[in-house]
2 protein chains.
Amino acid sequence: MDTREKGFVSAETVARLAGVSRSAVSRTFTDGASVSEATRKKVLEAADALGYHVNHLARGLSHERSNIVGIVVSEIPTPYQARLLDEMTRQLQAIGKIGMVINTTGDAASVANALRQTLNFRADGVIVLSGAPDASLIAASVANGQRVILINRSDLIEGPANLAVENAETAREAYHLLRRAGCQRLAVVSSTAGTPSLTARENAFLDAARADGLTLPVIKAGPTGYAAGAEAARQLYSRSGGPDGVFCVTDLLALGFMDAARHAFSLRVPQDVSIIGFDDIEQAGWESYALTTFRQPVEEMVDAIVQLLAQTGPTTWPHAVPPIKPIPIWRKSVLPRPEAG
Amino acid sequence: MDTREKGFVSAETVARLAGVSRSAVSRTFTDGASVSEATRKKVLEAADALGYHVNHLARGLSHERSNIVGIVVSEIPTPYQARLLDEMTRQLQAIGKIGMVINTTGDAASVANALRQTLNFRADGVIVLSGAPDASLIAASVANGQRVILINRSDLIEGPANLAVENAETAREAYHLLRRAGCQRLAVVSSTAGTPSLTARENAFLDAARADGLTLPVIKAGPTGYAAGAEAARQLYSRSGGPDGVFCVTDLLALGFMDAARHAFSLRVPQDVSIIGFDDIEQAGWESYALTTFRQPVEEMVDAIVQLLAQTGPTTWPHAVPPIKPIPIWRKSVLPRPEAG
DNA sequence: CCAGAATTTGCACACGGTTGCAAGAGACTA
DNA sequence: TAGTCTCTTGCAACCGTGTGCAAATTCTGG
């Protein structure tokens, strides 16, 4: 071994051991730099012996890219968020970048802090999965040359790209699915979280119903998915005339709703009530639920984002990235169309 | 606004605008440095006008701490992992550090790469949640002064801290719980993933049974939790004499097992079969499952880890951090003791 | 108003890399 | 052998920040 006791080893040390200049070491580890095969070999051997690893922080100083991408997120244990985070870190690594996740509570101050962190670390870009960042702060990020990508934030600010899912169209489709299944008394279940996506789904469903002359109850029984869904069922079925068709703006809400409807009110799904969700989280496919829902094509979404991040060039885009279209997944929580039975 | 068009603004620029030296700017943003109130004010105003943010990469160069902590993980969408990741990022932020997550496939090469990344970014420490890192690579990390914390890796290497959960003791407790519930034909359900934790639980349960003169079937029907659990049930019940008491080394396995037992074989839980899990993921508490299980005290675990990371001083510890004790959570998937009924 | 103490400020170097530039080393041709 | 061309190599400047040291300024007390 060597005599070094603590701290990281630098290119200087490697250079001395290999008997070359510090530049030679640098070039050995820089793609496309000019080094002879002989010195490269000497350098690699010395580096290996000393356990040398290029300092990316220092590299990021002179180079303009840090290869760090900030991911601003909240409620990581939520299946949908976790899935997104998984795909995101994986694909970022595939293009040589690394994700720095910043866990927020979702409120403005917390998100502001998160954005500041990404600026402090000179991140190449920020992906905002949750929370509604202040417009001025986003402007600051963009002004500093940072790429900002918002997911499903409806704020129309110039500069950041906004990856949108077709919430409204899909909610309308959900409405017609339930109608065609023969449902008469519809209801919408949402949560008090009130993110732009959820509100968009809610409103589109209500609008479609209004076009048919119906006004529907909307229940928001709490902030978190499963519990709020269960509570919504309790409220809706505690008196007679409960719905026979329910659109839950989130799969988690749907699963909670289904469990409460079945166990607290002995309702059968879909015979007594048809339930339709949104997201297609893994649990929606479990045998106890077999939830009919709309899949968010996470892989495709992340792919679109990562491509934006990968390209070099201008750091602002027209914020109209083509919206992503969820895919209907038929399982067993919605009655088949009468004529199709 | 200002005339700067692209790129980040540096302390130099702020200094010029404020009419002070660059040192003054640096000191304004350094805790405990000596600056007069007047210049601090001038600097802060200029910084605000320009959108200046201290460059943590540069700061980490001279300073010994980067405030980055690597988190090596795989299968993020798994509820248990997601929960751990959530708590980890949250608590790291609370002590002023930031988590850089590296998503691995779990195999040796992938983990090796992950560790190299943390060295490249001069992370203050690495937390390895999954995968079995090569001993030599860990040694390299430790030699470079990086704190390494392994979670539930049984490898006894000098240097890294190893946070252990009492897998064996808890599995033994599970065995006695099932026996006291009156179960006669026991089985163990595990996965082909074969991580040290899972194997430890498996073996301890089998050993306890062997002490009673029993030999038990162990089914490993696949790598991923839910599907492997369901498949295990299919294998065990496809011929007569299936178990009336099952220990699933993971909650996900238990939920899959339960679903298949109920829906494919019309078995009642717990009347026909008692099922006990491990982890206490959120879904275990859902009404459809009401799984009796052992909770891993994630918050407490992460707290222990973060405390190790927070302290300054030597970068190696005696690897005997006091092991964490899971807490039994009684729900409805195990028969109550006969005499207690 | 002055000496001395206390505080603030700027200079210059360090941190660990990258890179333009010019000089050096071979290789090839005439 | 000289001349030209190509490939390597080292020097030195730079990226943006922290900080020891000495000079400059302000404050305090007489």
# chains A, B, ... in the order shown; residues from 1 in each chain; ligands from 1
$ interface_residues --of "chain A" --to "chain D" --cutoff "7 Å" --atoms "only C-alpha atoms (C1' of nucleotides)" --output "list in words"
Ser21, Val35, Ser36, Leu61 and Ser62 of chain A
$ interface_residues --of "chain B" --to "chain C" --cutoff "12 Å" --atoms "only C-alpha atoms (C1' of nucleotides)" --output "list of chain:residue names"
B:Val20, B:Ser21, B:Arg22, B:Ser23, B:Ala24, B:Val25, B:Arg27, B:Ala33, B:Ser34, B:Val35, B:Ser36, B:Glu37, B:Ala38, B:Thr39, B:Arg40, B:Leu57, B:Ala58, B:Arg59, B:Gly60, B:Leu61, B:Ser62, B:His63, B:Glu64, B:Asn120, B:Arg122
$ calpha_fit_rmsd --fixed "chain A" --moving "chain B"
0.1 Å
$ closest_atom_pairs --of "chain A" --to "chain B" --cutoff "7 Å" --atoms "only C-alpha atoms" --output "CSV"
residue,atom,partner,partner_atom,distance
A:Lys6,CA,B:Gly145,CA,5.7
A:Gly7,CA,B:Gly145,CA,5.3
A:Phe8,CA,B:Asn144,CA,4.9
A:Gly51,CA,B:Ala140,CA,6.5
A:His53,CA,B:Asn120,CA,5.7
A:Val54,CA,B:Asn120,CA,5.6
A:Asn55,CA,B:Asn120,CA,5.0
A:His56,CA,B:Phe121,CA,5.3
A:Leu57,CA,B:Leu57,CA,5.1
A:Ala58,CA,B:Leu61,CA,6.5
A:Leu61,CA,B:Ala58,CA,6.6
A:Ile76,CA,B:Asp86,CA,5.5
A:Pro77,CA,B:Ala82,CA,4.9
A:Pro79,CA,B:Pro77,CA,6.3
A:Ala82,CA,B:Pro77,CA,4.9
A:Arg83,CA,B:Pro77,CA,5.0
A:Asp86,CA,B:Ile76,CA,5.5
A:Thr89,CA,B:Asn103,CA,6.2
A:Arg90,CA,B:Asn103,CA,5.9
A:Gly99,CA,B:Met100,CA,5.9
A:Met100,CA,B:Met100,CA,4.3
A:Val101,CA,B:Gly99,CA,6.0
A:Ile102,CA,B:Thr89,CA,7.0
A:Asn103,CA,B:Arg90,CA,5.9
A:Leu119,CA,B:His53,CA,6.4
A:Asn120,CA,B:Asn55,CA,5.1
A:Phe121,CA,B:His56,CA,5.3
A:Arg122,CA,B:Asn55,CA,6.7
A:Ala140,CA,B:Gly51,CA,6.3
A:Ala143,CA,B:Lys6,CA,6.8
A:Asn144,CA,B:Phe8,CA,4.9
A:Gly145,CA,B:Gly7,CA,5.3
A:Asp259,CA,B:Glu287,CA,6.0
A:Glu287,CA,B:Asp259,CA,5.9
A:Ser288,CA,B:Asp259,CA,6.2
$ atom_distance --atom1 "atom CA of B:Glu12" --atom2 "atom CA of A:Asp124"
21.6 Å
$ atom_distance --atom1 "atom CA of A:Asp251" --atom2 "atom CA of A:Val189"
10.5 Å
$ select_by_dssp --residues "stretch 4-150 of chain A" --states "helix (DSSP H, G or I)" --output "ChimeraX atom specification"
/A:11-18,22-28,37-50,56-62,79-94,108-120,135-143
$ select_by_dssp --residues "stretch 163-328 of chain B" --states "strand (DSSP E)" --output "list in words"
Leu163, Leu186, Ala187, Val188, Val189, Ser190, Val218, Ile219, Lys220, Gly245, Val246, Phe247, Cys248, Ser274, Ile275, Ile276, Thr293, Phe294, Arg295, Ile327 and Pro328 of chain B
$ closest_residue --among "A:Gly19, A:Gly182, A:Gly125, A:Pro133" --to "A:Ala108" --atoms "only C-alpha atoms"
A:Pro133
